[in-house]
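Asker: Dropping a structure here in structure tokens format, bear with me for questions.
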Amino acid sequence: MIAARLLKNGIDRRIAATIALLVGAAVLVPVLHLAVPESSPFHIPAHAVVLFGKYLCYALLALALDLVWGYCGILSLGHGAFFALGGYAMGMYLMRQIGDRGVYANPVLPDFMVFLNWKELPWFWHGFDQFWFAAAAIVLVPGALAFGFGWLAFRSRVTGVYLSIITQALTYALLLAFFRNDMGFGGNNGLTDFKDILGFPVQAPATRAALFAATALALAAFIAVTAMVVGSKLGKLMVAVRDAESRTRFVGWRPEHIKLFAFTLSAVMAGIAGALYVPQVGIINPSEFAPANSIEVVIWVAIGGRGTILGPILGAMLVNWTKSWFTAALPDFWLFALGALFVAVTLFLPKGVIGMWDQWRAARRSRVDGVVPAIGTQPRQSLGTEAAE
Amino acid sequence: MTISAPKYPASPTILVAALLAVLTLVVFAPSVRADEAVVRAGLAKFATAKGFGEVEAAVRELAATGDPAVSKPLAALSEGNLYVRKSDAAVFIATSNGETLSLADPLTGAEAGTAKAGEMAKVRVNNAVRGAIRAVSGSLTLGSGDAGVRLAAANAIFSRPDPNTIDALDAAIAKETDATVKARMQIARSSSVLASDRSDEEKSAAIKLISGLGSREALNLLTSFQSNAPDRLKEEAASAIRSINGTLMAWDVAQNVWYGISLGSVLLLAAIGLAITFGVMGVINMAHGEMVMLGAYTTFAVQEAIRATAPGLLDYSLIAALPCAFVVAAAVGIAVERGIIRFLYGRPLETLLATWGVSLILQQAVRTIFGPTNREVANPSWMSGGFEIGQLAITWNRLWIVAFSLAVFALLLLISNRSAWGLQMRAVTQNRRMAASMGIRTPWVDAFTFGLGSGIAGIAGVALSQIGNVSPNLGQGYIIDSFMVVVFGGVGNLWGTLLGAMSLGIANKFLEPYAGAVLGKIIVLVLIILFIQKRPRGLFALKGRAVEA
């Protein structure tokens, strides 16, 4: 259905190329990792597979944030919470899969519960031994939280900076909650020491390759979904809400419904990204809820170019690759670099790398053809405020 | 027992008489001092005492003389330093130095030669004897000339009630002139009465006296008394316990309110600068916490500078740090405003991101300069220690911070309501374009407001350096709480910030005992998120078209 919609509406060539690239990577990377001998220059080593799998998860998270911020003008400083919740749902499934192979060899209780002297499984851990249940939780828990939160916030017209602050409060409250041992999520240490996923050992090269492929395919699918959403009438309304919420309301639309849809869909995407992230890195702990993490996601989107579909993906890859490089080469300077990025991007690159590229191309074309460039779905400079009007 | 100096005209006879009187008084001076012979006789009992029972009896007899001088041999006995010379049964305090023992007179402490270890026999003690010594030594010091010592003696008896002390207490109470000490002695006496086999009437009076104390130790005393009291008194003790519990509960509430105010004033300090900048410029300064941190590090630097140059003034380094912290943080704030924020007007969300970047840079800069570990800012002497009001423990540093934050608040209120600059600030807050049309230079107001807000954060850092670690992450710990205060209190009105800070502080501290610190904080956060639904612009929201987004 999605494909049919996309074909009907026509799809940006670059987006189609990216989807094709991701699908290609989903096939090619496992092959190069598994089938090509290690001596060959084409072999992709295990750490690279994990690293790029991680980047793809981040890219999906960034895409999710872009949907609400770039297209709907809601700057969420708490998207890390949805990511982490999805991750915890997956982590709980993986914990249950350990079975009696834990340190304490308890067939039902995860190690940390035995350690805390718990006698039986808390009610919210039931069902997580089934993958379908965990999968449902990955989608439903972040989705339901976002729906409830958004329903309250958008209905009472909490906007702009206030909304950003309370999303931050949300993830901060969850951070504190998950740090508590009594919560039943492993407290400070989180969930780790995973053994199997769907019956396959998580550490095995084949599983790793499969997880990478799944992540790449998921990202490709959600790029298609996002493209479809923003290309639809609903997407136009989202942009309208972003640029002039009051006007959209006066024209007769219900901005809170539009926002709620975008926010919930985005939270689901973030949750899935988190669920794919956890088996690849092998741990989920409360620090994923840290407000600083969520703000970092914002900078990925801003760098790549918000209000574009490929921008956040590019931005997430770029920033995280730089981070990997910096933390290895110049660990003390990473925060300087990141801080400077925040400042520089907001001052000099309001449309991100993709926006710059488009502007430059459009400027060149207009010089050649004398055509005035159309900005299309690019966000206006004054996002999230109409006070300046 | 003091000597009245002759005030009348000195005639030789009177002078001589006075001198004689002085001499008599010196010799027979404190009336508590018993005849030394009696004391010596009491001491001699240790030489003949057989078994711990007799030693204990000797201890009590010695104590019954009421002479403060006996506390020395008793202390020595308790420590096992009281010896009897085998040859003549004389009692000495002896300290061992290897083979020989150096002897000292038990009463005067005068040196009395040495002896071989074999010539001396130690007076043996057990825990029962030690307990008796502890009990009687309280009553001994009741006669001391120092009110503080007498008070300590009364407290010692109160915590270890002993029927044998009642008579000594009665005597001491009769003579006592200091009202506090007297009250305390009466309470100590009551506790001893409860432990004695006195009449029920006396005991019930004692219960009344103790229940009036309303403290935790009184509660313990009565609870242990109640468990083996006769029926009639049981009832009385139970009602006294109930009344003490009620008093304690009230004190608990008062203590929580105080902790809440204390936390609230910290939040107020951290948030008030943020509220100003947010109110005037509509800008959330994510680097605000780092301004607090810069203030704290400035305090540290000033302290080190003073330590190096004028160590005598170290106690006042905080006062010197206040203007420095203000200037440092305000300068950084103005630089950030001029360098970054002014290019981002009308884009509050991007300002938020840019200032977050600034905060990362400042954190890393401080980490690079001062190192990642915590720095120690010492409490000056006038800020350490504390005092108690009833059951309320108040530390000086907390009290100072509450006073300081209120002073800062009052100063800001004055600036905002009474100065031309404050008027312009409020005008820009309410309607920027109209203010600009009236000739207010809004960019200047912005820059100075940002400087002021940052400077206030800097001096908040001076105060916060007194109650927490000075580390590069200092600001991060306060930033979310500060946001909550601003969001809760609303902008454009400083009273909103005060009310927001205080109610969040008190709510936090009242939830803590029931829910634990972390859960309490979570509940507060959730409550704020829900509150925002009802009042999206906080408690004190500005009204009017200009603020509609």
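The way I read the labels, and the way they are meant: chains A, B, ... in the order of the structure tokens, residue 1 as the first residue of every chain, and ligand 1 as the first ligand shown, with later ones counted on from there.
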Quick one: residues within 9 Å of range 247-256 of chain A, only C-alpha atoms, excluding same-chain residues fewer than 4 positions away - as a tab-separated table (two decimals) with N, CA, C and O atoms, in the first residue's frame?

Answerer:
chain	number	residue	atom	x	y	z
A	150	GLY	N	0.93	13.77	24.96
A	150	GLY	CA	0.56	14.73	23.93
A	150	GLY	C	-0.89	15.18	24.05
A	150	GLY	O	-1.20	16.35	23.87
A	151	TRP	N	-1.75	14.22	24.39
A	151	TRP	CA	-3.16	14.56	24.53
A	151	TRP	C	-3.34	15.65	25.58
A	151	TRP	O	-4.05	16.64	25.38
A	153	ALA	N	-0.91	17.69	26.74
A	153	ALA	CA	-0.16	18.92	26.46
A	153	ALA	C	-0.76	19.72	25.31
A	153	ALA	O	-0.93	20.92	25.40
A	154	PHE	N	-1.10	19.03	24.21
A	154	PHE	CA	-1.55	19.77	23.02
A	154	PHE	C	-2.96	20.31	23.21
A	154	PHE	O	-3.31	21.37	22.71
A	155	ARG	N	-3.77	19.55	23.97
A	155	ARG	CA	-5.14	19.99	24.20
A	155	ARG	C	-5.14	21.32	24.94
A	155	ARG	O	-5.96	22.19	24.67
A	156	SER	N	-4.22	21.45	25.93
A	156	SER	CA	-4.22	22.72	26.67
A	156	SER	C	-3.25	23.72	26.07
A	156	SER	O	-2.88	24.70	26.70
A	157	ARG	N	-2.83	23.46	24.82
A	157	ARG	CA	-2.05	24.41	24.03
A	157	ARG	C	-0.74	24.80	24.71
A	157	ARG	O	-0.39	25.97	24.77
A	237	LEU	N	-0.67	19.76	6.48
A	237	LEU	CA	-1.26	20.37	7.68
A	237	LEU	C	-0.22	20.48	8.79
A	237	LEU	O	-0.21	21.46	9.54
A	238	MET	N	0.63	19.47	8.89
A	238	MET	CA	1.67	19.52	9.91
A	238	MET	C	2.55	20.73	9.69
A	238	MET	O	2.88	21.47	10.64
A	240	ALA	N	1.70	23.38	8.16
A	240	ALA	CA	0.88	24.56	8.46
A	240	ALA	C	0.86	24.84	9.95
A	240	ALA	O	1.00	25.99	10.38
A	241	VAL	N	0.72	23.79	10.75
A	241	VAL	CA	0.72	23.97	12.21
A	241	VAL	C	2.07	24.51	12.66
A	241	VAL	O	2.15	25.40	13.52
A	243	ASP	N	4.15	26.37	10.97
A	243	ASP	CA	4.44	27.74	10.58
A	243	ASP	C	3.44	28.74	11.12
A	243	ASP	O	3.79	29.90	11.34
A	260	LEU	N	-0.86	15.55	17.76
A	260	LEU	CA	-0.91	14.30	18.51
A	260	LEU	C	-0.55	13.13	17.60
A	260	LEU	O	0.20	12.23	18.00
A	261	PHE	N	-1.05	13.16	16.37
A	261	PHE	CA	-0.71	12.10	15.44
A	261	PHE	C	0.79	12.07	15.19
A	261	PHE	O	1.43	11.01	15.30

Asker: Using only C-alpha atoms and a cut-off of 9 Å, which residues of chain A sit close to chain B? Please list them as a PyMOL selection string.

Answerer: chain A and resi 75+149+152-162+164-170+172-174+176-177+179-180+245-246+295+298-299+332-347+350+381-388

Asker: Keeping only C-alpha atoms, take the residues you just selected and write them out as an mmCIF file, in the first residue's frame.

Answerer:
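Writing done, so here's part_14.cif:
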data_model
loop_
_atom_site.group_PDB
_atom_site.id
_atom_site.type_symbol
_atom_site.label_atom_id
_atom_site.label_comp_id
_atom_site.auth_asym_id
_atom_site.auth_seq_id
_atom_site.Cartn_x
_atom_site.Cartn_y
_atom_site.Cartn_z
ATOM 1 C CA LEU A 75 10.791 20.586 19.754
ATOM 2 C CA PHE A 149 1.373 13.084 27.236
ATOM 3 C CA LEU A 152 -2.722 16.484 27.774
ATOM 4 C CA ALA A 153 -0.159 18.918 26.463
ATOM 5 C CA PHE A 154 -1.547 19.770 23.024
ATOM 6 C CA ARG A 155 -5.140 19.988 24.198
ATOM 7 C CA SER A 156 -4.218 22.715 26.673
ATOM 8 C CA ARG A 157 -2.052 24.407 24.032
ATOM 9 C CA VAL A 158 1.279 24.045 25.744
ATOM 10 C CA THR A 159 3.604 25.186 23.002
ATOM 11 C CA GLY A 160 7.087 26.355 22.223
ATOM 12 C CA VAL A 161 9.655 26.493 24.945
ATOM 13 C CA TYR A 162 7.206 25.365 27.617
ATOM 14 C CA SER A 164 10.253 21.567 25.271
ATOM 15 C CA ILE A 165 10.827 21.987 28.983
ATOM 16 C CA ILE A 166 8.122 19.592 30.037
ATOM 17 C CA THR A 167 9.286 16.950 27.575
ATOM 18 C CA GLN A 168 12.638 17.324 29.250
ATOM 19 C CA ALA A 169 10.970 16.963 32.639
ATOM 20 C CA LEU A 170 9.315 13.795 31.351
ATOM 21 C CA TYR A 172 14.203 13.385 33.605
ATOM 22 C CA ALA A 173 11.417 11.896 35.724
ATOM 23 C CA LEU A 174 11.819 8.589 33.883
ATOM 24 C CA LEU A 176 15.112 9.089 38.117
ATOM 25 C CA ALA A 177 12.464 6.389 38.165
ATOM 26 C CA PHE A 179 17.506 4.487 38.519
ATOM 27 C CA ARG A 180 15.471 3.128 41.402
ATOM 28 C CA GLU A 245 -0.635 27.291 14.413
ATOM 29 C CA SER A 246 -3.222 29.929 15.205
ATOM 30 C CA ILE A 295 19.223 17.167 23.267
ATOM 31 C CA VAL A 298 18.213 17.454 18.281
ATOM 32 C CA ILE A 299 21.635 18.503 17.072
ATOM 33 C CA ASP A 332 38.911 16.027 25.880
ATOM 34 C CA PHE A 333 37.807 18.018 22.896
ATOM 35 C CA TRP A 334 34.608 16.234 22.034
ATOM 36 C CA LEU A 335 32.443 18.456 24.219
ATOM 37 C CA PHE A 336 34.101 21.559 22.770
ATOM 38 C CA ALA A 337 33.383 20.278 19.291
ATOM 39 C CA LEU A 338 29.818 19.316 20.113
ATOM 40 C CA GLY A 339 29.152 22.625 21.823
ATOM 41 C CA ALA A 340 30.624 24.535 18.913
ATOM 42 C CA LEU A 341 28.460 22.469 16.566
ATOM 43 C CA PHE A 342 25.336 23.502 18.461
ATOM 44 C CA VAL A 343 26.282 27.149 18.222
ATOM 45 C CA ALA A 344 27.548 27.076 14.667
ATOM 46 C CA VAL A 345 24.631 25.158 13.241
ATOM 47 C CA THR A 346 22.003 27.380 14.824
ATOM 48 C CA LEU A 347 23.857 30.522 13.761
ATOM 49 C CA PRO A 350 19.667 27.004 10.053
ATOM 50 C CA GLN A 381 13.411 30.785 9.879
ATOM 51 C CA SER A 382 11.086 31.389 12.807
ATOM 52 C CA LEU A 383 10.122 27.928 13.889
ATOM 53 C CA GLY A 384 7.719 27.487 16.731
ATOM 54 C CA THR A 385 6.847 31.110 17.239
ATOM 55 C CA GLU A 386 4.326 33.439 15.829
ATOM 56 C CA ALA A 387 5.022 36.144 18.318
ATOM 57 C CA ALA A 388 7.335 37.766 15.865
#

Asker: Can you pull out every residue from range 27-159 of chain B that DSSP, working from the backbone, puts in strand (DSSP E or B), and format the result as a tab-separated table (two decimals) with N, CA, C and O atoms, in the first residue's frame?

Answerer:
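What landed in selection35.tsv:
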chain	number	residue	atom	x	y	z
B	82	LEU	N	43.71	3.01	89.74
B	82	LEU	CA	43.76	3.22	91.18
B	82	LEU	C	44.43	2.01	91.83
B	82	LEU	O	44.02	0.86	91.58
B	83	TYR	N	45.49	2.29	92.59
B	83	TYR	CA	46.28	1.20	93.18
B	83	TYR	C	46.35	1.35	94.70
B	83	TYR	O	46.20	2.46	95.22
B	84	VAL	N	46.58	0.24	95.38
B	84	VAL	CA	46.79	0.26	96.83
B	84	VAL	C	48.21	-0.22	97.08
B	84	VAL	O	48.63	-1.23	96.51
B	85	ARG	N	48.94	0.58	97.92
B	85	ARG	CA	50.30	0.12	98.25
B	85	ARG	C	50.18	-0.98	99.29
B	85	ARG	O	49.52	-0.81	100.32
B	91	VAL	N	46.26	4.57	99.28
B	91	VAL	CA	45.67	4.53	97.93
B	91	VAL	C	46.32	5.61	97.07
B	91	VAL	O	46.50	6.74	97.50
B	92	PHE	N	46.71	5.20	95.82
B	92	PHE	CA	47.34	6.16	94.90
B	92	PHE	C	46.73	6.00	93.51
B	92	PHE	O	46.19	4.96	93.17
B	93	ILE	N	46.87	7.10	92.74
B	93	ILE	CA	46.64	6.96	91.30
B	93	ILE	C	47.99	6.68	90.70
B	93	ILE	O	48.95	7.42	90.96
B	94	ALA	N	48.12	5.61	89.94
B	94	ALA	CA	49.42	5.24	89.42
B	94	ALA	C	49.36	5.13	87.91
B	94	ALA	O	48.37	4.69	87.34
B	95	THR	N	50.44	5.60	87.30
B	95	THR	CA	50.55	5.39	85.85
B	95	THR	C	51.79	4.57	85.61
B	95	THR	O	52.85	4.83	86.19
B	96	SER	N	51.65	3.61	84.76
B	96	SER	CA	52.74	2.68	84.56
B	96	SER	C	53.72	3.24	83.55
B	96	SER	O	53.33	3.79	82.52
B	97	ASN	N	55.05	3.19	83.88
B	97	ASN	CA	56.03	3.39	82.82
B	97	ASN	C	57.02	2.24	82.89
B	97	ASN	O	58.05	2.30	83.55
B	100	THR	N	58.26	0.30	86.57
B	100	THR	CA	57.84	1.04	87.76
B	100	THR	C	56.53	1.77	87.51
B	100	THR	O	56.12	1.97	86.38
B	101	LEU	N	55.88	2.15	88.61
B	101	LEU	CA	54.66	2.93	88.55
B	101	LEU	C	54.96	4.27	89.18
B	101	LEU	O	55.60	4.32	90.24
B	102	SER	N	54.53	5.36	88.50
B	102	SER	CA	54.68	6.64	89.19
B	102	SER	C	53.38	6.93	89.93
B	102	SER	O	52.29	6.80	89.36
B	103	LEU	N	53.52	7.29	91.17
B	103	LEU	CA	52.36	7.43	92.04
B	103	LEU	C	51.96	8.89	92.15
B	103	LEU	O	52.80	9.79	92.04
B	104	ALA	N	50.66	9.11	92.39
B	104	ALA	CA	50.18	10.46	92.62
B	104	ALA	C	49.10	10.39	93.67
B	104	ALA	O	48.37	9.40	93.76
B	111	GLU	N	52.65	14.55	93.13
B	111	GLU	CA	53.47	13.37	92.90
B	111	GLU	C	53.85	12.74	94.23
B	111	GLU	O	54.10	13.43	95.21
B	112	ALA	N	53.88	11.43	94.23
B	112	ALA	CA	54.19	10.73	95.49
B	112	ALA	C	55.19	9.62	95.23
B	112	ALA	O	55.04	8.50	95.69
B	113	GLY	N	56.20	9.91	94.41
B	113	GLY	CA	57.26	8.96	94.18
B	113	GLY	C	56.88	7.84	93.24
B	113	GLY	O	55.90	7.93	92.50
B	114	THR	N	57.69	6.79	93.25
B	114	THR	CA	57.44	5.66	92.36
B	114	THR	C	57.42	4.39	93.19
B	114	THR	O	57.79	4.38	94.36
B	115	ALA	N	56.97	3.33	92.54
B	115	ALA	CA	56.96	2.05	93.23
B	115	ALA	C	57.12	0.96	92.20
B	115	ALA	O	56.80	1.14	91.01
B	116	LYS	N	57.66	-0.18	92.62
B	116	LYS	CA	57.75	-1.33	91.72
B	116	LYS	C	56.35	-1.89	91.52
B	116	LYS	O	55.49	-1.79	92.40
B	120	MET	N	52.49	-2.88	94.43
B	120	MET	CA	51.17	-2.26	94.37
B	120	MET	C	50.12	-3.31	93.98
B	120	MET	O	50.41	-4.25	93.26
B	121	ALA	N	48.91	-3.10	94.47
B	121	ALA	CA	47.79	-3.95	94.06
B	121	ALA	C	46.72	-3.08	93.40
B	121	ALA	O	46.36	-2.03	93.95
B	122	LYS	N	46.30	-3.49	92.24
B	122	LYS	CA	45.29	-2.69	91.53
B	122	LYS	C	43.92	-2.92	92.18
B	122	LYS	O	43.59	-4.04	92.57

Asker: With a distance cut-off of 9 Å and only C-alpha atoms, select the neighbouring residues of Thr264 in chain A, excluding the residue or stretch itself and same-chain residues fewer than 5 positions from it, and output the selection as an NGL selection string.

Answerer: :A and (142-147 or 150 or 259 or 269)

Asker: Could you check how far CA of Arg216 in chain B sits from CA of Ile467 in chain B, in Å to one decimal?

Answerer: 27.6 Å

Asker: Residues near Gly186 in chain A, anyone? I mean within 9 Å using only C-alpha atoms, not counting same-chain ones fewer than 5 positions away, as a ChimeraX atom specification.

Answerer: /A:110-113,178-181,191,285

Asker: Enumerate, as a list in words, the complete set of residues in range 326-358 of chain B that a backbone-based DSSP assignment places in alpha helix (DSSP H).

Answerer: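 For range 326-358 of chain B, the alpha helix (DSSP H) set is Phe326, Val327, Val328, Ala329, Ala330, Ala331, Val332, Gly333, Ile334, Ala335, Val336, Glu337, Arg338, Gly339, Pro348, Leu349, Glu350, Thr351, Leu352, Leu353, Ala354, Thr355, Trp356, Gly357 and Val358 of chain B.
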
Asker: Write the residues of the selection above to a file with N, CA and C atoms, as a CSV table (one decimal), in the first residue's frame.

Answerer:
chain,number,residue,atom,x,y,z
B,326,PHE,N,29.6,37.7,40.5
B,326,PHE,CA,28.6,38.4,39.7
B,326,PHE,C,29.3,38.9,38.4
B,327,VAL,N,30.5,39.5,38.6
B,327,VAL,CA,31.1,40.1,37.4
B,327,VAL,C,31.5,39.1,36.4
B,328,VAL,N,32.1,38.0,36.9
B,328,VAL,CA,32.5,36.9,35.9
B,328,VAL,C,31.3,36.4,35.2
B,329,ALA,N,30.3,36.0,35.9
B,329,ALA,CA,29.1,35.4,35.2
B,329,ALA,C,28.4,36.4,34.4
B,330,ALA,N,28.3,37.6,34.8
B,330,ALA,CA,27.6,38.6,34.0
B,330,ALA,C,28.4,38.9,32.7
B,331,ALA,N,29.7,38.9,32.9
B,331,ALA,CA,30.5,39.2,31.7
B,331,ALA,C,30.4,38.0,30.6
B,332,VAL,N,30.4,36.8,31.1
B,332,VAL,CA,30.2,35.7,30.2
B,332,VAL,C,28.8,35.8,29.6
B,333,GLY,N,27.8,36.1,30.5
B,333,GLY,CA,26.4,36.2,30.0
B,333,GLY,C,26.3,37.3,28.9
B,334,ILE,N,26.9,38.4,29.1
B,334,ILE,CA,26.8,39.5,28.1
B,334,ILE,C,27.5,39.1,26.8
B,335,ALA,N,28.6,38.4,27.0
B,335,ALA,CA,29.4,38.0,25.8
B,335,ALA,C,28.5,37.0,25.0
B,336,VAL,N,27.8,36.1,25.7
B,336,VAL,CA,27.0,35.1,25.0
B,336,VAL,C,25.8,35.8,24.3
B,337,GLU,N,25.3,36.8,25.0
B,337,GLU,CA,24.1,37.5,24.4
B,337,GLU,C,24.6,38.2,23.2
B,338,ARG,N,25.7,39.0,23.3
B,338,ARG,CA,26.1,39.8,22.2
B,338,ARG,C,26.7,38.9,21.0
B,339,GLY,N,27.3,37.8,21.4
B,339,GLY,CA,27.9,37.0,20.4
B,339,GLY,C,27.0,36.0,19.7
B,348,PRO,N,13.2,31.1,19.6
B,348,PRO,CA,13.5,30.7,20.9
B,348,PRO,C,14.0,29.2,21.0
B,349,LEU,N,13.5,28.4,20.1
B,349,LEU,CA,14.0,27.0,20.2
B,349,LEU,C,15.4,26.9,19.8
B,350,GLU,N,15.8,27.7,18.8
B,350,GLU,CA,17.2,27.6,18.4
B,350,GLU,C,18.1,28.3,19.4
B,351,THR,N,17.6,29.3,20.1
B,351,THR,CA,18.4,29.8,21.2
B,351,THR,C,18.7,28.8,22.2
B,352,LEU,N,17.7,28.0,22.5
B,352,LEU,CA,17.8,26.9,23.5
B,352,LEU,C,18.9,26.0,23.1
B,353,LEU,N,19.0,25.6,21.8
B,353,LEU,CA,20.1,24.7,21.3
B,353,LEU,C,21.4,25.4,21.4
B,354,ALA,N,21.5,26.7,21.0
B,354,ALA,CA,22.8,27.3,20.9
B,354,ALA,C,23.3,27.5,22.4
B,355,THR,N,22.4,27.8,23.3
B,355,THR,CA,22.9,28.0,24.7
B,355,THR,C,23.3,26.6,25.3
B,356,TRP,N,22.6,25.6,24.8
B,356,TRP,CA,23.1,24.3,25.3
B,356,TRP,C,24.5,24.0,24.8
B,357,GLY,N,24.8,24.4,23.6
B,357,GLY,CA,26.1,24.3,23.1
B,357,GLY,C,27.1,25.1,23.9
B,358,VAL,N,26.7,26.3,24.3
B,358,VAL,CA,27.6,27.1,25.2
B,358,VAL,C,27.8,26.4,26.5

Asker: Counting only C-alpha atoms, which of B:Ala58, B:Val280, B:Leu464, B:Ala147 gets nearest to Thr442 in chain B?

Answerer: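 Going through B:Ala58, B:Val280, B:Leu464, B:Ala147 one by one, the smallest distance to Thr442 in chain B is for B:Val280.
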
Asker: Which residues come within 6 Å of Phe289 in chain A, counting only C-alpha atoms, excluding same-chain residues fewer than 5 positions away, as a list in words?

Answerer: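 The residues satisfying every condition are Gly80, Ala81, Thr171 and Leu175 of chain A.
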
Asker: Keeping only all heavy atoms, write the selected residues to a file as a short mmCIF file (atom, residue, chain, number, x, y, z; two decimals), in the first residue's frame.

Answerer:
data_model
loop_
_atom_site.label_atom_id
_atom_site.label_comp_id
_atom_site.auth_asym_id
_atom_site.auth_seq_id
_atom_site.Cartn_x
_atom_site.Cartn_y
_atom_site.Cartn_z
N GLY A 80 14.60 10.83 23.74
CA GLY A 80 15.41 9.74 24.28
C GLY A 80 14.58 8.83 25.17
O GLY A 80 14.87 7.64 25.30
N ALA A 81 13.54 9.38 25.79
CA ALA A 81 12.69 8.57 26.68
C ALA A 81 11.98 7.48 25.89
O ALA A 81 11.92 6.32 26.31
CB ALA A 81 11.67 9.46 27.39
N THR A 171 11.46 13.08 30.50
CA THR A 171 12.55 12.12 30.42
C THR A 171 13.39 12.13 31.69
O THR A 171 13.90 11.10 32.13
CB THR A 171 13.42 12.35 29.16
OG1 THR A 171 14.28 11.23 29.00
CG2 THR A 171 14.25 13.59 29.24
N LEU A 175 14.19 9.05 34.00
CA LEU A 175 15.58 8.75 34.37
C LEU A 175 15.67 8.43 35.86
O LEU A 175 16.22 7.41 36.27
CB LEU A 175 16.46 9.94 34.04
CG LEU A 175 17.88 9.93 34.61
CD1 LEU A 175 18.77 9.00 33.81
CD2 LEU A 175 18.49 11.32 34.63
#

Asker: Got a sec: who's within 8 Å of range 150-162 of chain B, counting only C-alpha atoms, leaving out chain neighbours fewer than 6 positions off, as a PyMOL selection string?

Answerer: chain B and resi 135+137-144+181+184-185+187-189+191-192+195-196+217

Asker: Could you give me, as a list in words, the residues within 6 Å of range 215-224 of chain A, counting only C-alpha atoms and dropping anything in the same chain fewer than 3 positions from it?

Answerer: Ile19, Leu22, Val23, Ala26, Leu60, Phe212 and Ala227 of chain A

Asker: Using only C-alpha atoms, which residue out of B:Asp231, B:Leu392, B:Ala517, B:Asp67 lies closest to Val257 in chain B?

Answerer: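 That would be B:Leu392, the residue with the smallest distance to Val257 in chain B.
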